[in-house]
Each structure stands twice: as C-alpha cells, then as structure tokens.
$ cat input.pdb   # PDB, C-alpha atoms
MODEL        1
ATOM      1  CA  MET A   1      13.705 116.921-144.837  1.00  0.00           C
ATOM      2  CA  ASP A   2      16.276 118.895-142.889  1.00  0.00           C
ATOM      3  CA  ALA A   3      20.069 118.529-142.754  1.00  0.00           C
ATOM      4  CA  GLU A   4      20.003 116.277-139.677  1.00  0.00           C
ATOM      5  CA  GLY A   5      17.920 113.672-141.500  1.00  0.00           C
ATOM      6  CA  THR A   6      14.702 114.172-139.550  1.00  0.00           C
ATOM      7  CA  HIS A   7      11.557 113.928-141.616  1.00  0.00           C
ATOM      8  CA  THR A   8       9.546 117.071-142.255  1.00  0.00           C
ATOM      9  CA  SER A   9       6.984 118.233-144.743  1.00  0.00           C
ATOM     10  CA  ILE A  10       8.375 119.205-148.154  1.00  0.00           C
ATOM     11  CA  GLN A  11       7.998 122.710-149.528  1.00  0.00           C
ATOM     12  CA  LEU A  12       6.896 123.065-153.145  1.00  0.00           C
ATOM     13  CA  PRO A  13       7.925 126.046-155.277  1.00  0.00           C
ATOM     14  CA  GLU A  14       5.309 128.716-155.930  1.00  0.00           C
ATOM     15  CA  GLY A  15       2.792 127.650-158.560  1.00  0.00           C
ATOM     16  CA  SER A  16      -0.562 126.065-159.222  1.00  0.00           C
ATOM     17  CA  TRP A  17       0.063 122.374-158.413  1.00  0.00           C
ATOM     18  CA  TRP A  18      -3.483 121.039-158.199  1.00  0.00           C
ATOM     19  CA  ASP A  19      -3.483 118.134-160.700  1.00  0.00           C
ATOM     20  CA  TRP A  20      -0.980 115.253-160.059  1.00  0.00           C
ATOM     21  CA  ASP A  21      -0.121 111.904-161.624  1.00  0.00           C
ATOM     22  CA  VAL A  22       2.595 109.255-161.756  1.00  0.00           C
ATOM     23  CA  VAL A  23       4.736 109.889-164.843  1.00  0.00           C
ATOM     24  CA  ALA A  24       7.183 107.028-164.276  1.00  0.00           C
ATOM     25  CA  LEU A  25       7.665 104.186-161.824  1.00  0.00           C
ATOM     26  CA  ASP A  26      10.422 101.667-162.230  1.00  0.00           C
ATOM     27  CA  GLY A  27      13.001 100.063-159.968  1.00  0.00           C
ATOM     28  CA  GLY A  28      15.154 103.162-159.828  1.00  0.00           C
ATOM     29  CA  GLN A  29      12.713 106.051-159.865  1.00  0.00           C
ATOM     30  CA  LEU A  30       9.230 107.305-159.030  1.00  0.00           C
ATOM     31  CA  ARG A  31       8.331 110.531-160.818  1.00  0.00           C
ATOM     32  CA  LEU A  32       5.218 112.484-159.772  1.00  0.00           C
ATOM     33  CA  ALA A  33       4.125 115.317-162.087  1.00  0.00           C
ATOM     34  CA  ALA A  34       2.007 118.338-161.208  1.00  0.00           C
ATOM     35  CA  SER A  35       0.287 121.264-162.912  1.00  0.00           C
ATOM     36  CA  TYR A  36      -2.958 123.203-162.762  1.00  0.00           C
ATOM     37  CA  ASP A  37      -4.156 120.899-165.600  1.00  0.00           C
ATOM     38  CA  LEU A  38      -2.219 117.864-166.838  1.00  0.00           C
ATOM     39  CA  THR A  39      -3.872 117.760-170.267  1.00  0.00           C
ATOM     40  CA  TYR A  40      -1.064 119.391-172.260  1.00  0.00           C
ATOM     41  CA  LEU A  41       1.908 119.875-169.953  1.00  0.00           C
ATOM     42  CA  HIS A  42       3.234 119.811-166.433  1.00  0.00           C
ATOM     43  CA  GLY A  43       5.652 122.175-164.742  1.00  0.00           C
ATOM     44  CA  LEU A  44       6.733 120.329-161.596  1.00  0.00           C
ATOM     45  CA  GLU A  45       8.128 116.888-160.881  1.00  0.00           C
ATOM     46  CA  LEU A  46       8.979 115.205-157.604  1.00  0.00           C
ATOM     47  CA  VAL A  47      11.643 112.649-158.514  1.00  0.00           C
ATOM     48  CA  PHE A  48      12.150 109.971-155.879  1.00  0.00           C
ATOM     49  CA  GLY A  49      15.415 108.093-156.435  1.00  0.00           C
ATOM     50  CA  ASP A  50      15.479 104.413-155.474  1.00  0.00           C
ATOM     51  CA  PRO A  51      11.970 104.297-153.992  1.00  0.00           C
ATOM     52  CA  VAL A  52      11.546 101.523-151.420  1.00  0.00           C
ATOM     53  CA  PHE A  53       7.923 102.107-150.377  1.00  0.00           C
ATOM     54  CA  VAL A  54       5.129 103.688-152.442  1.00  0.00           C
ATOM     55  CA  SER A  55       1.531 104.012-151.337  1.00  0.00           C
ATOM     56  CA  CYS A  56      -0.350 106.544-153.438  1.00  0.00           C
ATOM     57  CA  PRO A  57      -2.865 106.514-156.292  1.00  0.00           C
ATOM     58  CA  THR A  58      -1.681 107.011-159.879  1.00  0.00           C
ATOM     59  CA  GLY A  59      -3.667 110.242-160.120  1.00  0.00           C
ATOM     60  CA  PHE A  60      -4.785 112.667-157.428  1.00  0.00           C
ATOM     61  CA  HIS A  61      -5.539 116.327-156.686  1.00  0.00           C
ATOM     62  CA  ASP A  62      -4.575 119.024-154.232  1.00  0.00           C
ATOM     63  CA  PRO A  63      -2.113 117.155-151.975  1.00  0.00           C
ATOM     64  CA  VAL A  64      -1.350 118.531-148.522  1.00  0.00           C
ATOM     65  CA  PHE A  65       2.189 117.541-147.573  1.00  0.00           C
ATOM     66  CA  ARG A  66       2.944 116.964-143.899  1.00  0.00           C
ATOM     67  CA  PRO A  67       5.605 115.333-141.728  1.00  0.00           C
ATOM     68  CA  PRO A  68       5.161 111.548-141.499  1.00  0.00           C
ATOM     69  CA  SER A  69       3.808 110.333-138.177  1.00  0.00           C
ATOM     70  CA  PRO A  70       5.905 108.097-135.902  1.00  0.00           C
ATOM     71  CA  ASP A  71       3.559 105.207-136.798  1.00  0.00           C
ATOM     72  CA  GLU A  72       4.124 105.802-140.527  1.00  0.00           C
ATOM     73  CA  LEU A  73       7.899 105.903-140.026  1.00  0.00           C
ATOM     74  CA  MET A  74       7.712 102.637-138.065  1.00  0.00           C
ATOM     75  CA  LYS A  75       5.512 101.041-140.752  1.00  0.00           C
ATOM     76  CA  VAL A  76       8.029 101.892-143.477  1.00  0.00           C
ATOM     77  CA  ALA A  77      10.972 100.691-141.360  1.00  0.00           C
ATOM     78  CA  ARG A  78       9.196  97.358-140.726  1.00  0.00           C
ATOM     79  CA  GLN A  79       8.406  96.936-144.431  1.00  0.00           C
ATOM     80  CA  VAL A  80      11.884  97.717-145.781  1.00  0.00           C
ATOM     81  CA  GLY A  81      14.050  96.698-142.825  1.00  0.00           C
ATOM     82  CA  GLU A  82      15.470 100.152-142.095  1.00  0.00           C
ATOM     83  CA  LYS A  83      14.551 103.815-141.832  1.00  0.00           C
ATOM     84  CA  PRO A  84      14.987 105.340-145.327  1.00  0.00           C
ATOM     85  CA  PRO A  85      16.519 108.825-145.674  1.00  0.00           C
ATOM     86  CA  ILE A  86      13.387 110.271-147.338  1.00  0.00           C
ATOM     87  CA  VAL A  87       9.833 109.641-146.164  1.00  0.00           C
ATOM     88  CA  VAL A  88       7.135 111.905-147.603  1.00  0.00           C
ATOM     89  CA  ALA A  89       3.548 111.880-146.349  1.00  0.00           C
ATOM     90  CA  PHE A  90       0.508 113.689-147.711  1.00  0.00           C
ATOM     91  CA  GLU A  91      -3.266 113.640-147.926  1.00  0.00           C
ATOM     92  CA  ALA A  92      -4.880 114.045-151.351  1.00  0.00           C
ATOM     93  CA  ASP A  93      -8.185 113.969-153.169  1.00  0.00           C
ATOM     94  CA  ALA A  94      -8.272 110.763-155.212  1.00  0.00           C
ATOM     95  CA  GLY A  95     -11.939 111.018-156.173  1.00  0.00           C
ATOM     96  CA  GLY A  96     -13.427 109.283-153.136  1.00  0.00           C
ATOM     97  CA  GLN A  97     -15.570 110.645-150.360  1.00  0.00           C
ATOM     98  CA  GLU A  98     -12.548 111.306-148.125  1.00  0.00           C
ATOM     99  CA  PRO A  99      -8.907 112.212-148.761  1.00  0.00           C
ATOM    100  CA  VAL A 100      -6.455 109.340-149.119  1.00  0.00           C
ATOM    101  CA  SER A 101      -3.298 109.166-146.990  1.00  0.00           C
ATOM    102  CA  CYS A 102      -0.169 108.675-149.090  1.00  0.00           C
ATOM    103  CA  LEU A 103       3.333 107.629-148.100  1.00  0.00           C
ATOM    104  CA  ILE A 104       6.514 107.418-150.177  1.00  0.00           C
ATOM    105  CA  ALA A 105       9.967 106.384-148.958  1.00  0.00           C
ATOM    106  CA  ALA A 106      13.124 106.662-151.049  1.00  0.00           C
ATOM    107  CA  GLU A 107      16.856 107.226-150.951  1.00  0.00           C
ATOM    108  CA  ARG A 108      16.675 110.661-152.600  1.00  0.00           C
ATOM    109  CA  LEU A 109      14.215 113.364-153.580  1.00  0.00           C
ATOM    110  CA  GLU A 110      14.713 115.997-156.250  1.00  0.00           C
ATOM    111  CA  ILE A 111      12.187 118.737-157.012  1.00  0.00           C
ATOM    112  CA  VAL A 112      12.363 119.687-160.705  1.00  0.00           C
ATOM    113  CA  GLN A 113      10.539 122.735-162.027  1.00  0.00           C
ATOM    114  CA  GLU A 114      10.446 122.971-165.841  1.00  0.00           C
ATOM    115  CA  THR A 115       7.946 122.715-168.669  1.00  0.00           C
ATOM    116  CA  VAL A 116       7.314 119.133-169.781  1.00  0.00           C
ATOM    117  CA  LEU A 117       5.079 118.797-172.832  1.00  0.00           C
ATOM    118  CA  ARG A 118       2.624 115.905-172.959  1.00  0.00           C
ATOM    119  CA  TYR A 119       2.108 116.114-176.727  1.00  0.00           C
ATOM    120  CA  TRP A 120       4.374 116.470-179.766  1.00  0.00           C
ATOM    121  CA  ARG A 121       5.313 119.989-180.902  1.00  0.00           C
ATOM    122  CA  GLU A 122       7.753 120.642-183.733  1.00  0.00           C
ATOM    123  CA  ASP A 123       8.550 124.069-182.313  1.00  0.00           C
ATOM    124  CA  ALA A 124       9.300 123.018-178.721  1.00  0.00           C
ATOM    125  CA  GLY A 125      11.750 125.417-177.124  1.00  0.00           C
ATOM    126  CA  PRO A 126      15.125 124.570-175.636  1.00  0.00           C
ATOM    127  CA  ASP A 127      13.703 125.107-172.148  1.00  0.00           C
ATOM    128  CA  GLN A 128      11.009 122.445-172.749  1.00  0.00           C
ATOM    129  CA  ARG A 129      11.227 118.670-172.773  1.00  0.00           C
ATOM    130  CA  PHE A 130       8.755 115.931-173.634  1.00  0.00           C
ATOM    131  CA  ALA A 131       7.072 113.444-171.331  1.00  0.00           C
ATOM    132  CA  PRO A 132       8.473 109.899-171.725  1.00  0.00           C
ATOM    133  CA  TRP A 133       5.571 108.691-173.901  1.00  0.00           C
ATOM    134  CA  VAL A 134       5.710 111.578-176.405  1.00  0.00           C
ATOM    135  CA  THR A 135       7.323 110.757-179.752  1.00  0.00           C
ATOM    136  CA  PRO A 136       7.381 112.498-183.122  1.00  0.00           C
ATOM    137  CA  PRO A 137       4.620 111.464-185.541  1.00  0.00           C
ATOM    138  CA  GLY A 138       5.423 108.240-187.351  1.00  0.00           C
ATOM    139  CA  GLN A 139       7.769 106.864-184.695  1.00  0.00           C
TER
ENDMDL
END
$ encode --input "input.pdb" --output "structure tokens"
Amino acid sequence: MDAEGTHTSIQLPEGSWWDWDVVALDGGQLRLAASYDLTYLHGLELVFGDPVFVSCPTGFHDPVFRPPSPDELMKVARQVGEKPPIVVAFEADAGGQEPVSCLIAAERLEIVQETVLRYWREDAGPDQRFAPWVTPPGQ
C-alpha cells in the first residue's frame, strides 16, 4: 500500500517464502507465517491488525501478491460497510488443480522478519522466539 492509501501489491523481503500457514487468528490479529519449509521454523510473518475480512486457506504455497481488483475492493466494502485501509490480494497453491484467489482486509499490516521456532529448544538464542503453541517440556 502506498502513502496515499491506494491499494497495491505488497513487497516481501528477500528470502525463500514458499510454504505458508496461519499461525494465529483471533479478533485482533491474523498472523501468516512463511518459510521454505514450515516443519521446524519460519522466518517471515505478515501480521494483519484488526482483520475485518479473511478469505484464504489455513495452509498454502507460493503466493503471488497483486493489487486487489476494483471488484474485490467493492466486495470487501459491501461486506464490512467501508473501504478498509489494507486490502491484500494473492493467488496461491492450496493443493487443488488451480490456484485459489485470496483476499484479506485489515486496519494495519506489519511485515516481521525473524526466526520463530516451531519446537522447544533449551538453547534458543536471543534473536529467536517460539511459535505460540511451543512450550517447555512438562508444561
């Protein structure tokens, strides 16, 4: 999105962001995680603050981000009663025969690049954090 509030395609930082999933979805936040392989960790999160419209699978691959179409913008505005500040559109491989079109609208978007471990490690570094479901053994 640019400074004037028009909707454009988002730019991801350099990296291998092939494998994606939903890490968290609650009333205040949608968090999408990405990596080359989500088995042990992820290194990128798209954090949508106050999401008002979410249409995407819980897991997908190789998204191609693009500007939302005028019809998609109108669809979101009809659903939520106004044009949200952030509308992100993309096509992704969700395991079917054709790519799925995805659309997310929210008040804010933050792109976070850091190592997030998906399993417990005693020796995790200060520059690493754990995914929400990871807890020390016995807890």
$ closest_residue --input "input.pdb" --among "A:Ala124, A:Ile104, A:Ala34, A:Leu46" --to "Pro68 of chain A" --atoms "all atoms listed in the file"
A:Ile104
$ residues_around --input "input.pdb" --residues "segment 74-79 of chain A" --least-positions-apart "5" --cutoff "12 Å" --atoms "only C-alpha atoms" --output "JSON, numbers by chain"
{"A": [51, 52, 53, 54, 55, 68, 69, 84, 85, 86, 87, 88, 89, 103, 104, 105, 106]}
$ residues_around --input "input.pdb" --residues "Arg66 of chain A" --least-positions-apart "6" --cutoff "9 Å" --atoms "only C-alpha atoms" --output "JSON, numbers by chain"
{"A": [8, 9, 10, 88, 89, 90, 91]}
$ atom_distance --input "input.pdb" --atom1 "atom CA of Glu110 of chain A" --atom2 "atom CA of Val47 of chain A"
5.1 Å
$ resolve_selection --input "input.pdb" --expression "the PyMOL selection byres ((chain A and resi 112-121) around 9)" --output "PyMOL selection string"
chain A and resi 13+38-47+110-111+122-124+127-137
$ write_last_selection --input "input.pdb" --atoms "C-alpha atoms" --output "compact mmCIF listing (two decimals), keeping the file's coordinate frame"
# COMPACT_ATOMS: atom_id res chain seq x y z
CA PRO A 13 7.92 126.05 -155.28
CA LEU A 38 -2.22 117.86 -166.84
CA THR A 39 -3.87 117.76 -170.27
CA TYR A 40 -1.06 119.39 -172.26
CA LEU A 41 1.91 119.88 -169.95
CA HIS A 42 3.23 119.81 -166.43
CA GLY A 43 5.65 122.18 -164.74
CA LEU A 44 6.73 120.33 -161.60
CA GLU A 45 8.13 116.89 -160.88
CA LEU A 46 8.98 115.20 -157.60
CA VAL A 47 11.64 112.65 -158.51
CA GLU A 110 14.71 116.00 -156.25
CA ILE A 111 12.19 118.74 -157.01
CA GLU A 122 7.75 120.64 -183.73
CA ASP A 123 8.55 124.07 -182.31
CA ALA A 124 9.30 123.02 -178.72
CA ASP A 127 13.70 125.11 -172.15
CA GLN A 128 11.01 122.44 -172.75
CA ARG A 129 11.23 118.67 -172.77
CA PHE A 130 8.76 115.93 -173.63
CA ALA A 131 7.07 113.44 -171.33
CA PRO A 132 8.47 109.90 -171.72
CA TRP A 133 5.57 108.69 -173.90
CA VAL A 134 5.71 111.58 -176.40
CA THR A 135 7.32 110.76 -179.75
CA PRO A 136 7.38 112.50 -183.12
CA PRO A 137 4.62 111.46 -185.54
$ axis_aligned_box --input "input.pdb" --around "segment 20-35 of chain A" --padding-each-side "5 Å" --output "AutoDock Vina command-line options"
--center_x 7.1 --center_y 110.7 --center_z -161.9 --size_x 26.1 --size_y 31.2 --size_z 15.8
$ build_atoms --input "input.pdb" --residues "segment 96-109 of chain A" --atoms "N, CA, C and O atoms" --output "short mmCIF file (atom, residue, chain, number, x, y, z; two decimals), in the frame of the given file"
data_model
loop_
_atom_site.label_atom_id
_atom_site.label_comp_id
_atom_site.auth_asym_id
_atom_site.auth_seq_id
_atom_site.Cartn_x
_atom_site.Cartn_y
_atom_site.Cartn_z
N GLY A 96 -12.51 109.93 -154.08
CA GLY A 96 -13.43 109.28 -153.14
C GLY A 96 -14.12 110.29 -152.25
O GLY A 96 -13.99 111.51 -152.43
N GLN A 97 -14.83 109.77 -151.27
CA GLN A 97 -15.57 110.64 -150.36
C GLN A 97 -14.65 111.33 -149.35
O GLN A 97 -15.00 112.37 -148.80
N GLU A 98 -13.50 110.74 -149.07
CA GLU A 98 -12.55 111.31 -148.12
C GLU A 98 -11.16 111.33 -148.74
O GLU A 98 -10.86 110.55 -149.65
N PRO A 99 -10.28 112.20 -148.25
CA PRO A 99 -8.91 112.21 -148.76
C PRO A 99 -8.20 110.88 -148.47
O PRO A 99 -8.54 110.19 -147.51
N VAL A 100 -7.25 110.55 -149.30
CA VAL A 100 -6.46 109.34 -149.12
C VAL A 100 -5.11 109.74 -148.53
O VAL A 100 -4.54 110.76 -148.88
N SER A 101 -4.62 108.94 -147.57
CA SER A 101 -3.30 109.17 -146.99
C SER A 101 -2.26 108.47 -147.86
O SER A 101 -2.41 107.29 -148.20
N CYS A 102 -1.21 109.20 -148.21
CA CYS A 102 -0.17 108.68 -149.09
C CYS A 102 1.17 108.71 -148.38
O CYS A 102 1.43 109.58 -147.55
N LEU A 103 2.03 107.75 -148.74
CA LEU A 103 3.33 107.63 -148.10
C LEU A 103 4.33 107.12 -149.13
O LEU A 103 4.06 106.14 -149.83
N ILE A 104 5.46 107.81 -149.24
CA ILE A 104 6.51 107.42 -150.18
C ILE A 104 7.85 107.48 -149.43
O ILE A 104 8.14 108.47 -148.77
N ALA A 105 8.63 106.43 -149.56
CA ALA A 105 9.97 106.38 -148.96
C ALA A 105 10.98 106.10 -150.05
O ALA A 105 10.74 105.27 -150.93
N ALA A 106 12.11 106.80 -150.00
CA ALA A 106 13.12 106.66 -151.05
C ALA A 106 14.49 107.07 -150.50
O ALA A 106 14.61 107.60 -149.40
N GLU A 107 15.49 106.83 -151.31
CA GLU A 107 16.86 107.23 -150.95
C GLU A 107 17.10 108.71 -151.20
O GLU A 107 17.88 109.33 -150.49
N ARG A 108 16.44 109.26 -152.22
CA ARG A 108 16.68 110.66 -152.60
C ARG A 108 15.38 111.29 -153.08
O ARG A 108 14.48 110.59 -153.54
N LEU A 109 15.33 112.61 -153.02
CA LEU A 109 14.22 113.36 -153.58
C LEU A 109 14.77 114.60 -154.25
O LEU A 109 15.56 115.35 -153.67
#
